[in-house]
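Structure, as structure tokens:
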Amino acid sequence: MTEKPWDGRFAEKTDRLVEAFTSSHQVDRRLYRHDIEGSVAHCRMLAKVGVISEGEAGDLVTGLMRIGRDIERGRFEFSDSLEDIHMHIEARLLQDVGKVAQKLHTARSRNDQVALDTRLFAREETRAVIAQLRGLRRVVVDLAGAHTGTFMPGYTHLQRAQPVLLAHHLMAYYEMFTRDQARFADALQRIDVMPLGAAALAGTTYPIDRHYTAELLGFSEVAANSMDAVSDRDFILEFLSAASIAMVHLSRLSEELVLWSTAEFGFIELPDAFATGSSIMPQKKNPDVPELMRGKAGTVFGDLMALLTLVKGLPLAYNRDMQEDKAPLFRSVDTLRACLEITARMLPRIRFRDDRLRQATEHGFFNATDLADYLVGQGVPFRKAHACVGQAVAYGLEHGKELHELSLEELRNFASVVGPEIFELLTVEQMINRRRSYGGTAAEQVEAAIAEARRRLDGETEVPK
Ligand code: ARG
């Protein structure tokens, strides 16, 4: 059993069961790079203010870098008796560089250390998620650009409502992913705050320079209150909230892909590489990828709930409960990033069955609103027009005819003002292209939206700050 930093005060050795129970290295070893980066900056700062010598800092930094390489190559042994990644690295440093290692933890506590590591990790991952969302938006815009001439039914209540362009439907997801990206960019401002130097909770008596540490690590801000610095987990909550909302969007898209790939809809064919078969029914091709994405949304919401619940009853400042914050964060990062990547790769390979989409716009009284709007143009009040068309629809249903299949005489039975020009207005093309209001489905509006989205994407900087 290894010695513990707190052995001086303790009469008994830690129970093995307790060592296993309190250890977190299985999870937080993922932070080793961030831990080393933070420790290197801490050493440099300590040397700059004269708490340790430049020579000592040099030895510590060299030792830390070597440990980083060893962990990278799997040449590092982990043990429950050393609890977490922070203690593992410090213990190894002592072995490697000797007594000077005992100075590394001057003016620092694991409380501010773990807060720093987690922020460095969250910052890196948030930037990566932002880049992925930007890539996905481009995929969606390109797909929409290829389908500005494809008609499909638009739905409300999952009942056929009015025809739209497939491009318009797809661009709705562009909007969602744009908001998701903005949410992560906003969260990033509060992730990008440097907590080190708060020490255990109250700050430190050493003449440290926290702004210098922040500069070395590229942070925009320094946490202003030491107690908040070690106990704030809002930044993870914000990441998980943004991740949950992004997963809602991916899940809604997935749900549509699942529906559209059924024989009942038959709107799309999923690429074979992104589908699976059945072990018993040879004819099947299952949409497991979007199904799993829909399912994984639930695990991300669960991670958000876990962390909200974890933090809600905690008195200031650090409490060990907080050690449980990392598993949900890591799991959600992995889930979200995998879902973003797979969606971006799958979407361009989906085959849209334009004929089926188009056919689906030809039945279901899509043009009822247009007939009513026409009557309004002829001076009929909208409510009255609505009622007349309702009667015409009921008649059509009874006789197995769509509105545009009724004769002028039949239509006139319901509204005497109808003229022969009505038939031109009841075509799918007209229904779509007359919806020219800003943000509507008319081709000119959708093309403008696509052009605007492309301009925006081109104008965005590659690496978000
Ligand atoms: N492994 C711990 C965590 O993740 C590090 C901080 C431990 N601090 C303490 N006072 N025991 O929260």
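To be explicit about the labels: the chains of the structure tokens are called A, B, and onward in the order shown, and within each one the residues are counted from 1, while ligands get numbers from 1 in the order they are shown.
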
Given a cut-off of 7 Å, what residues near ligand 1 show up using only C-alpha atoms and all ligand atoms, put as a count of residues only? 10

Near Gly379 of chain A, within 12 Å and counting only C-alpha atoms, which residues show up once chain neighbours fewer than 5 positions away are dropped, as a PyMOL selection string? chain A and resi 372-374+384-385+415-418

For segment 352-359 of chain A: contacts at 6 Å, only C-alpha atoms, fewer than 2 positions along chain excluded, given as a PyMOL selection string: chain A and resi 151-152+267-268+361-362

So that I have them on file, write out the residues from the current selection with C-alpha atoms, as an mmCIF file, in the first residue's frame.
```
data_model
loop_
_atom_site.group_PDB
_atom_site.id
_atom_site.type_symbol
_atom_site.label_atom_id
_atom_site.label_comp_id
_atom_site.auth_asym_id
_atom_site.auth_seq_id
_atom_site.Cartn_x
_atom_site.Cartn_y
_atom_site.Cartn_z
ATOM 1 C CA PHE A 151 -41.740 18.411 -53.611
ATOM 2 C CA MET A 152 -42.955 16.620 -50.528
ATOM 3 C CA PHE A 267 -39.504 8.509 -48.994
ATOM 4 C CA ILE A 268 -35.896 7.472 -48.539
ATOM 5 C CA THR A 361 -48.284 15.553 -52.471
ATOM 6 C CA GLU A 362 -50.956 14.609 -54.977
#
```

I'd like to know which residues of segment 46-244 of chain A are helix (DSSP H, G or I) (by DSSP, run on the backbone); could you write them as number ranges by chain? A: 46-48, 54-72, 80-82, 85-103, 110-145, 166-191, 210-216, 226-231, 234-244

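With only C-alpha atoms as the atoms that count, the minimum distance from Asp96 of chain A to the choices A:Gln445, A:Thr150, A:Asn225, A:Thr62 is reached by A:Thr62.
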
Glu341 of chain A: which residues within 12 Å, counting only C-alpha atoms, same-chain residues fewer than 6 positions away excluded, as an mmCIF file with N, CA and C atoms, in the first residue's frame?
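Just written: around-v4.cif:
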```cif
data_model
loop_
_atom_site.group_PDB
_atom_site.id
_atom_site.type_symbol
_atom_site.label_atom_id
_atom_site.label_comp_id
_atom_site.auth_asym_id
_atom_site.auth_seq_id
_atom_site.Cartn_x
_atom_site.Cartn_y
_atom_site.Cartn_z
ATOM 1 N N ALA A 128 -14.401 21.427 -30.318
ATOM 2 C CA ALA A 128 -14.533 20.355 -31.312
ATOM 3 C C ALA A 128 -16.004 20.186 -31.717
ATOM 4 N N VAL A 129 -16.896 20.270 -30.735
ATOM 5 C CA VAL A 129 -18.329 20.122 -31.031
ATOM 6 C C VAL A 129 -18.789 21.258 -31.946
ATOM 7 N N ILE A 130 -18.303 22.463 -31.675
ATOM 8 C CA ILE A 130 -18.678 23.615 -32.504
ATOM 9 C C ILE A 130 -18.231 23.368 -33.954
ATOM 10 N N ALA A 131 -17.013 22.865 -34.103
ATOM 11 C CA ALA A 131 -16.510 22.591 -35.460
ATOM 12 C C ALA A 131 -17.354 21.503 -36.125
ATOM 13 N N GLN A 132 -17.750 20.503 -35.357
ATOM 14 C CA GLN A 132 -18.585 19.431 -35.939
ATOM 15 C C GLN A 132 -19.951 19.962 -36.356
ATOM 16 N N LEU A 133 -20.525 20.812 -35.511
ATOM 17 C CA LEU A 133 -21.839 21.369 -35.853
ATOM 18 C C LEU A 133 -21.741 22.214 -37.116
ATOM 19 N N ARG A 134 -20.643 22.947 -37.233
ATOM 20 C CA ARG A 134 -20.463 23.754 -38.441
ATOM 21 C C ARG A 134 -20.388 22.838 -39.673
ATOM 22 N N GLY A 135 -19.658 21.739 -39.536
ATOM 23 C CA GLY A 135 -19.546 20.781 -40.646
ATOM 24 C C GLY A 135 -20.904 20.189 -40.995
ATOM 25 N N LEU A 136 -21.675 19.866 -39.966
ATOM 26 C CA LEU A 136 -22.990 19.272 -40.199
ATOM 27 C C LEU A 136 -23.919 20.278 -40.886
ATOM 28 N N ARG A 137 -23.815 21.544 -40.474
ATOM 29 C CA ARG A 137 -24.652 22.573 -41.122
ATOM 30 C C ARG A 137 -24.333 22.642 -42.607
ATOM 31 N N VAL A 139 -23.211 20.222 -44.483
ATOM 32 C CA VAL A 139 -23.783 19.020 -45.099
ATOM 33 C C VAL A 139 -25.276 19.238 -45.369
ATOM 34 N N LEU A 250 -31.084 16.010 -33.123
ATOM 35 C CA LEU A 250 -30.622 14.822 -33.847
ATOM 36 C C LEU A 250 -31.651 13.707 -33.739
ATOM 37 N N VAL A 289 -29.233 2.862 -37.109
ATOM 38 C CA VAL A 289 -28.395 4.021 -36.778
ATOM 39 C C VAL A 289 -29.257 5.188 -36.273
ATOM 40 N N MET A 293 -29.573 6.649 -32.377
ATOM 41 C CA MET A 293 -29.354 8.068 -32.107
ATOM 42 C C MET A 293 -30.522 8.617 -31.287
ATOM 43 N N ASP A 334 -18.771 11.947 -25.600
ATOM 44 C CA ASP A 334 -18.566 10.860 -26.565
ATOM 45 C C ASP A 334 -19.820 10.584 -27.379
ATOM 46 N N THR A 335 -20.957 10.573 -26.693
ATOM 47 C CA THR A 335 -22.212 10.274 -27.385
ATOM 48 C C THR A 335 -22.531 11.357 -28.404
ATOM 49 N N LEU A 347 -26.068 11.529 -43.848
ATOM 50 C CA LEU A 347 -27.025 12.355 -44.598
ATOM 51 C C LEU A 347 -26.741 12.437 -46.105
#
```

What separation in Å, quoted to one decimal, exists between atom CA of Leu94 of chain A and atom CA of Ser226 of chain A? 28.3 Å

Minimum-distance residue to Val18 of chain A, chosen among A:Ala41, A:Leu371, A:Tyr32, A:Asp80 (using only C-alpha atoms):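 Counting only C-alpha atoms, the residue closest to Val18 of chain A is A:Asp80.
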
For Thr427 of chain A, list every protein, DNA or RNA residue within 12 Å, evaluated using only C-alpha atoms, and leave out those in the same chain fewer than 2 positions away; present the list as an mmCIF file with N, CA, C and O atoms, in the first residue's frame.
```
data_model
loop_
_atom_site.group_PDB
_atom_site.id
_atom_site.type_symbol
_atom_site.label_atom_id
_atom_site.label_comp_id
_atom_site.auth_asym_id
_atom_site.auth_seq_id
_atom_site.Cartn_x
_atom_site.Cartn_y
_atom_site.Cartn_z
ATOM 1 N N PHE A 151 -40.517 18.110 -54.385
ATOM 2 C CA PHE A 151 -41.740 18.411 -53.611
ATOM 3 C C PHE A 151 -42.022 17.297 -52.635
ATOM 4 O O PHE A 151 -41.794 16.120 -52.932
ATOM 5 N N GLN A 162 -49.613 20.707 -46.028
ATOM 6 C CA GLN A 162 -49.404 21.506 -47.234
ATOM 7 C C GLN A 162 -48.107 21.043 -47.863
ATOM 8 O O GLN A 162 -47.193 20.633 -47.151
ATOM 9 N N PRO A 163 -47.993 21.123 -49.174
ATOM 10 C CA PRO A 163 -46.738 20.672 -49.791
ATOM 11 C C PRO A 163 -45.622 21.677 -49.512
ATOM 12 O O PRO A 163 -45.870 22.872 -49.387
ATOM 13 N N ARG A 358 -43.112 13.165 -54.381
ATOM 14 C CA ARG A 358 -43.998 13.962 -55.230
ATOM 15 C C ARG A 358 -45.419 13.366 -55.220
ATOM 16 O O ARG A 358 -46.400 14.078 -55.026
ATOM 17 N N THR A 361 -47.680 14.212 -52.525
ATOM 18 C CA THR A 361 -48.284 15.553 -52.471
ATOM 19 C C THR A 361 -49.558 15.617 -53.308
ATOM 20 O O THR A 361 -50.255 16.614 -53.310
ATOM 21 N N GLU A 362 -49.832 14.539 -54.053
ATOM 22 C CA GLU A 362 -50.956 14.609 -54.977
ATOM 23 C C GLU A 362 -52.267 14.119 -54.381
ATOM 24 O O GLU A 362 -53.320 14.236 -54.988
ATOM 25 N N HIS A 363 -52.188 13.582 -53.181
ATOM 26 C CA HIS A 363 -53.400 13.110 -52.511
ATOM 27 C C HIS A 363 -53.438 13.645 -51.094
ATOM 28 O O HIS A 363 -52.400 13.801 -50.467
ATOM 29 N N PHE A 365 -55.884 16.320 -50.219
ATOM 30 C CA PHE A 365 -56.534 17.632 -50.136
ATOM 31 C C PHE A 365 -55.589 18.736 -49.657
ATOM 32 O O PHE A 365 -55.952 19.597 -48.886
ATOM 33 N N PHE A 366 -54.330 18.638 -50.145
ATOM 34 C CA PHE A 366 -53.337 19.646 -49.800
ATOM 35 C C PHE A 366 -53.762 21.055 -50.177
ATOM 36 O O PHE A 366 -53.364 22.020 -49.565
ATOM 37 N N ASN A 367 -54.547 21.122 -51.274
ATOM 38 C CA ASN A 367 -54.842 22.452 -51.806
ATOM 39 C C ASN A 367 -56.087 23.094 -51.196
ATOM 40 O O ASN A 367 -56.552 24.119 -51.668
ATOM 41 N N ALA A 368 -56.572 22.513 -50.093
ATOM 42 C CA ALA A 368 -57.775 23.067 -49.460
ATOM 43 C C ALA A 368 -57.551 24.510 -49.008
ATOM 44 O O ALA A 368 -58.400 25.386 -49.231
ATOM 45 N N ASP A 370 -55.455 26.611 -50.213
ATOM 46 C CA ASP A 370 -55.316 27.472 -51.378
ATOM 47 C C ASP A 370 -56.665 27.818 -51.996
ATOM 48 O O ASP A 370 -56.882 28.946 -52.446
ATOM 49 N N LEU A 371 -57.576 26.839 -51.982
ATOM 50 C CA LEU A 371 -58.927 27.125 -52.482
ATOM 51 C C LEU A 371 -59.603 28.158 -51.576
ATOM 52 O O LEU A 371 -60.207 29.119 -52.054
ATOM 53 N N GLU A 402 -60.064 14.311 -55.524
ATOM 54 C CA GLU A 402 -59.362 15.445 -54.930
ATOM 55 C C GLU A 402 -60.066 16.730 -55.365
ATOM 56 O O GLU A 402 -60.839 16.708 -56.347
ATOM 57 N N LEU A 403 -59.756 17.865 -54.714
ATOM 58 C CA LEU A 403 -60.430 19.127 -55.071
ATOM 59 C C LEU A 403 -60.213 19.504 -56.535
ATOM 60 O O LEU A 403 -61.150 19.917 -57.222
ATOM 61 N N HIS A 404 -58.954 19.323 -57.003
ATOM 62 C CA HIS A 404 -58.667 19.715 -58.390
ATOM 63 C C HIS A 404 -59.252 18.721 -59.389
ATOM 64 O O HIS A 404 -59.208 18.954 -60.591
ATOM 65 N N GLU A 405 -59.795 17.611 -58.882
ATOM 66 C CA GLU A 405 -60.440 16.644 -59.776
ATOM 67 C C GLU A 405 -61.947 16.891 -59.890
ATOM 68 O O GLU A 405 -62.626 16.265 -60.705
ATOM 69 N N GLU A 421 -60.061 29.829 -63.575
ATOM 70 C CA GLU A 421 -58.631 30.038 -63.265
ATOM 71 C C GLU A 421 -58.216 29.292 -61.995
ATOM 72 O O GLU A 421 -57.021 29.128 -61.718
ATOM 73 N N ILE A 422 -59.197 28.802 -61.248
ATOM 74 C CA ILE A 422 -58.881 28.134 -59.978
ATOM 75 C C ILE A 422 -57.955 26.934 -60.179
ATOM 76 O O ILE A 422 -57.043 26.695 -59.384
ATOM 77 N N PHE A 423 -58.147 26.202 -61.300
ATOM 78 C CA PHE A 423 -57.401 24.940 -61.465
ATOM 79 C C PHE A 423 -55.894 25.163 -61.551
ATOM 80 O O PHE A 423 -55.114 24.342 -61.101
ATOM 81 N N GLU A 424 -55.525 26.327 -62.067
ATOM 82 C CA GLU A 424 -54.108 26.664 -62.149
ATOM 83 C C GLU A 424 -53.493 26.843 -60.753
ATOM 84 O O GLU A 424 -52.338 26.532 -60.534
ATOM 85 N N LEU A 425 -54.334 27.364 -59.853
ATOM 86 C CA LEU A 425 -53.825 27.661 -58.507
ATOM 87 C C LEU A 425 -53.712 26.420 -57.621
ATOM 88 O O LEU A 425 -53.070 26.447 -56.587
ATOM 89 N N GLU A 429 -47.007 22.941 -57.721
ATOM 90 C CA GLU A 429 -46.038 24.004 -58.024
ATOM 91 C C GLU A 429 -46.536 25.352 -57.515
ATOM 92 O O GLU A 429 -45.810 26.108 -56.887
ATOM 93 N N GLN A 430 -47.795 25.637 -57.818
ATOM 94 C CA GLN A 430 -48.354 26.927 -57.405
ATOM 95 C C GLN A 430 -48.487 27.006 -55.891
ATOM 96 O O GLN A 430 -48.220 28.044 -55.302
ATOM 97 N N MET A 431 -48.920 25.899 -55.322
ATOM 98 C CA MET A 431 -49.086 25.923 -53.856
ATOM 99 C C MET A 431 -47.773 26.255 -53.178
ATOM 100 O O MET A 431 -47.723 26.987 -52.201
ATOM 101 N N ILE A 432 -46.691 25.681 -53.701
ATOM 102 C CA ILE A 432 -45.382 25.938 -53.090
ATOM 103 C C ILE A 432 -44.892 27.338 -53.446
ATOM 104 O O ILE A 432 -44.556 28.139 -52.566
ATOM 105 N N ASN A 433 -44.910 27.647 -54.721
ATOM 106 C CA ASN A 433 -44.234 28.872 -55.140
ATOM 107 C C ASN A 433 -44.991 30.162 -54.839
ATOM 108 O O ASN A 433 -44.420 31.243 -54.897
ATOM 109 N N ARG A 434 -46.252 30.035 -54.480
ATOM 110 C CA ARG A 434 -46.981 31.240 -54.068
ATOM 111 C C ARG A 434 -46.761 31.547 -52.585
ATOM 112 O O ARG A 434 -47.153 32.605 -52.106
#
```

From the set A:Thr118, A:Ser231, A:Gln102, A:Thr213, which residue has the shortest atom-to-atom contact distance to Lys326 of chain A, counting only C-alpha atoms?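 Smallest distance to Lys326 of chain A is found for A:Thr118.
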
Could you give me, as a list in words, the residues within 9 Å of Glu255 of chain A, counting only C-alpha atoms and dropping anything in the same chain fewer than 5 positions from it?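 Selected residues are Leu250, Trp260, Pro290, Glu291 and Arg294 of chain A.
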
Closest of A:Met45, A:Val248, A:Leu253, A:Ala182 to Glu460 of chain A - atom-to-atom distances counting only C-alpha atoms: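 Of A:Met45, A:Val248, A:Leu253, A:Ala182, the one nearest Glu460 of chain A is A:Ala182, counting only C-alpha atoms.
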
What's the 12 Å shell around Met65 of chain A, counting only C-alpha atoms, without same-chain residues fewer than 5 positions away, as a PyMOL selection string? chain A and resi 32-41+58-60+70-72+89+92-93+96-97

Can I get the selection written as a PDB file, in the first residue's frame, with N, CA and C atoms?
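After the write, out_3.pdb holds the following:
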```pdb
ATOM      1  N   TYR A  32      -5.387  13.159 -18.162  1.00  0.00           N
ATOM      2  CA  TYR A  32      -3.948  13.262 -17.889  1.00  0.00           C
ATOM      3  C   TYR A  32      -3.248  14.380 -18.657  1.00  0.00           C
ATOM      4  N   ARG A  33      -3.629  14.569 -19.902  1.00  0.00           N
ATOM      5  CA  ARG A  33      -2.979  15.631 -20.688  1.00  0.00           C
ATOM      6  C   ARG A  33      -3.269  17.000 -20.102  1.00  0.00           C
ATOM      7  N   HIS A  34      -4.518  17.167 -19.701  1.00  0.00           N
ATOM      8  CA  HIS A  34      -4.928  18.458 -19.151  1.00  0.00           C
ATOM      9  C   HIS A  34      -4.275  18.674 -17.793  1.00  0.00           C
ATOM     10  N   ASP A  35      -4.141  17.588 -17.031  1.00  0.00           N
ATOM     11  CA  ASP A  35      -3.515  17.699 -15.717  1.00  0.00           C
ATOM     12  C   ASP A  35      -2.053  18.130 -15.868  1.00  0.00           C
ATOM     13  N   ILE A  36      -1.399  17.545 -16.843  1.00  0.00           N
ATOM     14  CA  ILE A  36       0.014  17.874 -17.055  1.00  0.00           C
ATOM     15  C   ILE A  36       0.162  19.302 -17.581  1.00  0.00           C
ATOM     16  N   GLU A  37      -0.703  19.654 -18.500  1.00  0.00           N
ATOM     17  CA  GLU A  37      -0.666  21.018 -19.045  1.00  0.00           C
ATOM     18  C   GLU A  37      -0.863  22.044 -17.912  1.00  0.00           C
ATOM     19  N   GLY A  38      -1.818  21.755 -17.039  1.00  0.00           N
ATOM     20  CA  GLY A  38      -2.098  22.658 -15.914  1.00  0.00           C
ATOM     21  C   GLY A  38      -0.925  22.722 -14.952  1.00  0.00           C
ATOM     22  N   SER A  39      -0.312  21.565 -14.671  1.00  0.00           N
ATOM     23  CA  SER A  39       0.810  21.536 -13.736  1.00  0.00           C
ATOM     24  C   SER A  39       2.028  22.267 -14.306  1.00  0.00           C
ATOM     25  N   VAL A  40       2.232  22.120 -15.596  1.00  0.00           N
ATOM     26  CA  VAL A  40       3.366  22.808 -16.241  1.00  0.00           C
ATOM     27  C   VAL A  40       3.183  24.328 -16.097  1.00  0.00           C
ATOM     28  N   ALA A  41       1.987  24.802 -16.359  1.00  0.00           N
ATOM     29  CA  ALA A  41       1.724  26.242 -16.243  1.00  0.00           C
ATOM     30  C   ALA A  41       1.894  26.693 -14.786  1.00  0.00           C
ATOM     31  N   GLY A  58      12.263  23.870 -14.198  1.00  0.00           N
ATOM     32  CA  GLY A  58      12.725  23.143 -15.383  1.00  0.00           C
ATOM     33  C   GLY A  58      12.686  21.640 -15.153  1.00  0.00           C
ATOM     34  N   ASP A  59      13.164  21.193 -13.989  1.00  0.00           N
ATOM     35  CA  ASP A  59      13.161  19.755 -13.686  1.00  0.00           C
ATOM     36  C   ASP A  59      11.725  19.221 -13.605  1.00  0.00           C
ATOM     37  N   LEU A  60      10.876  19.992 -12.970  1.00  0.00           N
ATOM     38  CA  LEU A  60       9.478  19.549 -12.832  1.00  0.00           C
ATOM     39  C   LEU A  60       8.811  19.433 -14.206  1.00  0.00           C
ATOM     40  N   ASP A  70       4.733   8.812 -21.310  1.00  0.00           N
ATOM     41  CA  ASP A  70       4.596   7.433 -20.816  1.00  0.00           C
ATOM     42  C   ASP A  70       3.126   7.007 -20.748  1.00  0.00           C
ATOM     43  N   ILE A  71       2.289   7.904 -20.277  1.00  0.00           N
ATOM     44  CA  ILE A  71       0.856   7.541 -20.192  1.00  0.00           C
ATOM     45  C   ILE A  71       0.317   7.305 -21.605  1.00  0.00           C
ATOM     46  N   GLU A  72       0.712   8.195 -22.495  1.00  0.00           N
ATOM     47  CA  GLU A  72       0.312   8.088 -23.905  1.00  0.00           C
ATOM     48  C   GLU A  72       0.630   6.698 -24.457  1.00  0.00           C
ATOM     49  N   ILE A  89       0.019  11.169 -11.008  1.00  0.00           N
ATOM     50  CA  ILE A  89       1.086  11.899 -11.706  1.00  0.00           C
ATOM     51  C   ILE A  89       2.095  12.452 -10.703  1.00  0.00           C
ATOM     52  N   ARG A  92       4.319   9.609  -9.407  1.00  0.00           N
ATOM     53  CA  ARG A  92       5.296   9.192 -10.415  1.00  0.00           C
ATOM     54  C   ARG A  92       6.407  10.229 -10.572  1.00  0.00           C
ATOM     55  N   LEU A  93       6.013  11.481 -10.458  1.00  0.00           N
ATOM     56  CA  LEU A  93       6.996  12.564 -10.560  1.00  0.00           C
ATOM     57  C   LEU A  93       8.036  12.440  -9.451  1.00  0.00           C
ATOM     58  N   ASP A  96      10.419   9.812 -10.379  1.00  0.00           N
ATOM     59  CA  ASP A  96      11.259  10.159 -11.534  1.00  0.00           C
ATOM     60  C   ASP A  96      12.259  11.278 -11.253  1.00  0.00           C
ATOM     61  N   VAL A  97      11.799  12.341 -10.595  1.00  0.00           N
ATOM     62  CA  VAL A  97      12.695  13.506 -10.451  1.00  0.00           C
ATOM     63  C   VAL A  97      13.116  13.762  -9.006  1.00  0.00           C
TER      64      VAL A  97
END
```

Could you pull out all residues of segment 124-368 of chain A with a DSSP call of strand (DSSP E) and give them as a list in words?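 The strand (DSSP E) subset of segment 124-368 of chain A is Phe151, Met152, Pro153, Gly154, Tyr155, Thr156, Gln159, Arg160, Ala161, Gln162, Pro163, Val164, Leu165, Val193, Met194, Glu221, Val222, Ile268, Glu269, Arg351 and Phe352 of chain A.
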